[in-house]
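Worksheet for the structure shown next.
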Amino acid sequence: MSNHVYKKIELTGSSKVGVEDAVTTALHRASKSVRNMRWFELTELRGTVVDDKVDYWQVSLKVGFDVEE
């Protein structure tokens with residue numbers, strides 16, 4: 001069994017659809033430049049309100065990825 005070393009970065013994603021879509025948006029965009037993402041931790045959840053309804057969802061998350069040898 002090998003020892004794993006991870007690095008964490010913080011991302012913020014947004015969506016008009018919902019929280020899960022905001023997370024997916026952030027991860028998808030990060031995957032273009034970050035390899036070996038392994039887990040995420042939701043740290044903040046925000047949104048905007050227009051006419052008494054949720055207009056936009058915004059999430060902040062920490063993402064862990066393997067540090068390559």
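How things are named: the first chain in the structure tokens is A, the next is B, and so on; residues count from 1 in each chain; ligands count from 1 in the order shown.
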Checklist entry - Counting only C-alpha atoms, what is within 7 Å of region 54-58 of chain A, bar same-chain residues fewer than 6 positions away, as a VMD selection string? => result chain A and resid 12 to 16 18 to 19 22 45 to 48
Output of the above residues as a CSV table (one decimal), in the first residue's frame, restricted to N, CA, C and O atoms:
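Result file is result-v1.csv:
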```csv
chain,number,residue,atom,x,y,z
A,12,THR,N,-15.1,28.1,-6.5
A,12,THR,CA,-16.5,28.6,-6.4
A,12,THR,C,-17.2,28.4,-7.7
A,12,THR,O,-16.6,28.8,-8.7
A,13,GLY,N,-18.3,27.7,-7.6
A,13,GLY,CA,-19.1,27.5,-8.8
A,13,GLY,C,-20.5,28.0,-8.7
A,13,GLY,O,-21.0,28.2,-7.6
A,14,SER,N,-21.1,28.3,-9.8
A,14,SER,CA,-22.5,28.9,-9.7
A,14,SER,C,-23.4,28.2,-10.8
A,14,SER,O,-22.9,27.7,-11.7
A,15,SER,N,-24.7,28.3,-10.5
A,15,SER,CA,-25.7,27.8,-11.4
A,15,SER,C,-27.0,28.3,-11.2
A,15,SER,O,-27.4,28.6,-10.0
A,16,LYS,N,-27.8,28.4,-12.2
A,16,LYS,CA,-29.2,28.8,-12.1
A,16,LYS,C,-30.1,27.6,-11.7
A,16,LYS,O,-31.2,27.7,-11.3
A,18,GLY,N,-29.2,24.7,-9.7
A,18,GLY,CA,-29.2,24.2,-8.3
A,18,GLY,C,-27.8,24.0,-7.7
A,18,GLY,O,-26.8,24.2,-8.4
A,19,VAL,N,-27.8,23.5,-6.5
A,19,VAL,CA,-26.5,23.3,-5.8
A,19,VAL,C,-25.6,22.3,-6.5
A,19,VAL,O,-24.4,22.5,-6.7
A,22,ALA,N,-24.0,23.5,-9.5
A,22,ALA,CA,-23.0,24.5,-9.2
A,22,ALA,C,-21.7,23.7,-8.9
A,22,ALA,O,-20.6,24.1,-9.3
A,45,LEU,N,-22.4,27.9,1.0
A,45,LEU,CA,-23.6,27.9,0.1
A,45,LEU,C,-24.3,29.2,0.1
A,45,LEU,O,-24.6,29.7,1.2
A,46,ARG,N,-24.4,29.9,-1.0
A,46,ARG,CA,-25.0,31.2,-1.1
A,46,ARG,C,-25.9,31.2,-2.3
A,46,ARG,O,-25.9,30.3,-3.2
A,47,GLY,N,-26.7,32.2,-2.4
A,47,GLY,CA,-27.6,32.4,-3.6
A,47,GLY,C,-28.1,33.8,-3.6
A,47,GLY,O,-27.9,34.6,-2.7
A,48,THR,N,-28.6,34.1,-4.8
A,48,THR,CA,-29.3,35.5,-4.9
A,48,THR,C,-30.8,35.3,-5.1
A,48,THR,O,-31.2,34.2,-5.5
```
Next on the checklist: I want to know what sits within 9 Å of Tyr6 (chain A), based on only C-alpha atoms, with residues of the same chain fewer than 4 positions away left out; could you give that as a ChimeraX atom specification?
Outcome noted: /A:38,64-68
Checklist entry - Taking the backbone alone, and naming residues the way the document does, which bits of chain A are strand (DSSP E or B) by DSSP, as a ChimeraX atom specification? => result /A:6-15,37-50,53-66
Checklist entry - What gap, in Å, lies between CA of Leu61 (chain A) and CA of Val34 (chain A)? => result 14.6 Å
Checklist entry - Could you work out how far CA of Ser60 (chain A) lies from CA of Glu10 (chain A), giving the answer in Å with one decimal? => result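 Separating CA of Glu10 (chain A) from CA of Ser60 (chain A) is a distance of 7.0 Å.
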Next on the checklist: From the options A:His4, A:Val50, A:Leu11, A:Val63, which residue's atoms come nearest to Arg35 (chain A), counting only C-alpha atoms?
Outcome noted: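 Counting only C-alpha atoms, the residue closest to Arg35 (chain A) is A:Val63.
DSSP on the backbone gives alpha helix (DSSP H) for these parts of region 9-45 of chain A: Val19, Glu20, Asp21, Ala22, Val23, Thr24, Thr25, Ala26, Leu27, His28, Arg29 and Ala30 of chain A.
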Checklist entry - Do you know which residues are at most 6 Å from Lys62 (chain A) counting only C-alpha atoms, after dropping those on the same chain fewer than 6 positions away, and could you put them as number ranges by chain? => result A: 9-10, 40-41
Restricted to N, CA and C atoms, what would the selected residues look like written as a PDB file, in the first residue's frame?
```
ATOM      1  N   ILE A   9      -7.365  22.758  -2.984  1.00  0.00           N
ATOM      2  CA  ILE A   9      -7.606  24.071  -3.574  1.00  0.00           C
ATOM      3  C   ILE A   9      -9.047  24.453  -3.265  1.00  0.00           C
ATOM      4  N   GLU A  10      -9.339  25.730  -3.362  1.00  0.00           N
ATOM      5  CA  GLU A  10     -10.711  26.176  -3.138  1.00  0.00           C
ATOM      6  C   GLU A  10     -11.291  26.694  -4.447  1.00  0.00           C
ATOM      7  N   PHE A  40     -14.241  16.297  -2.555  1.00  0.00           N
ATOM      8  CA  PHE A  40     -14.542  17.711  -2.314  1.00  0.00           C
ATOM      9  C   PHE A  40     -15.296  17.846  -1.004  1.00  0.00           C
ATOM     10  N   GLU A  41     -15.218  19.044  -0.466  1.00  0.00           N
ATOM     11  CA  GLU A  41     -15.875  19.385   0.803  1.00  0.00           C
ATOM     12  C   GLU A  41     -16.576  20.719   0.593  1.00  0.00           C
TER      13      GLU A  41
END
```
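CA of Thr25 (chain A) is positioned 10.1 Å from CA of Val59 (chain A).
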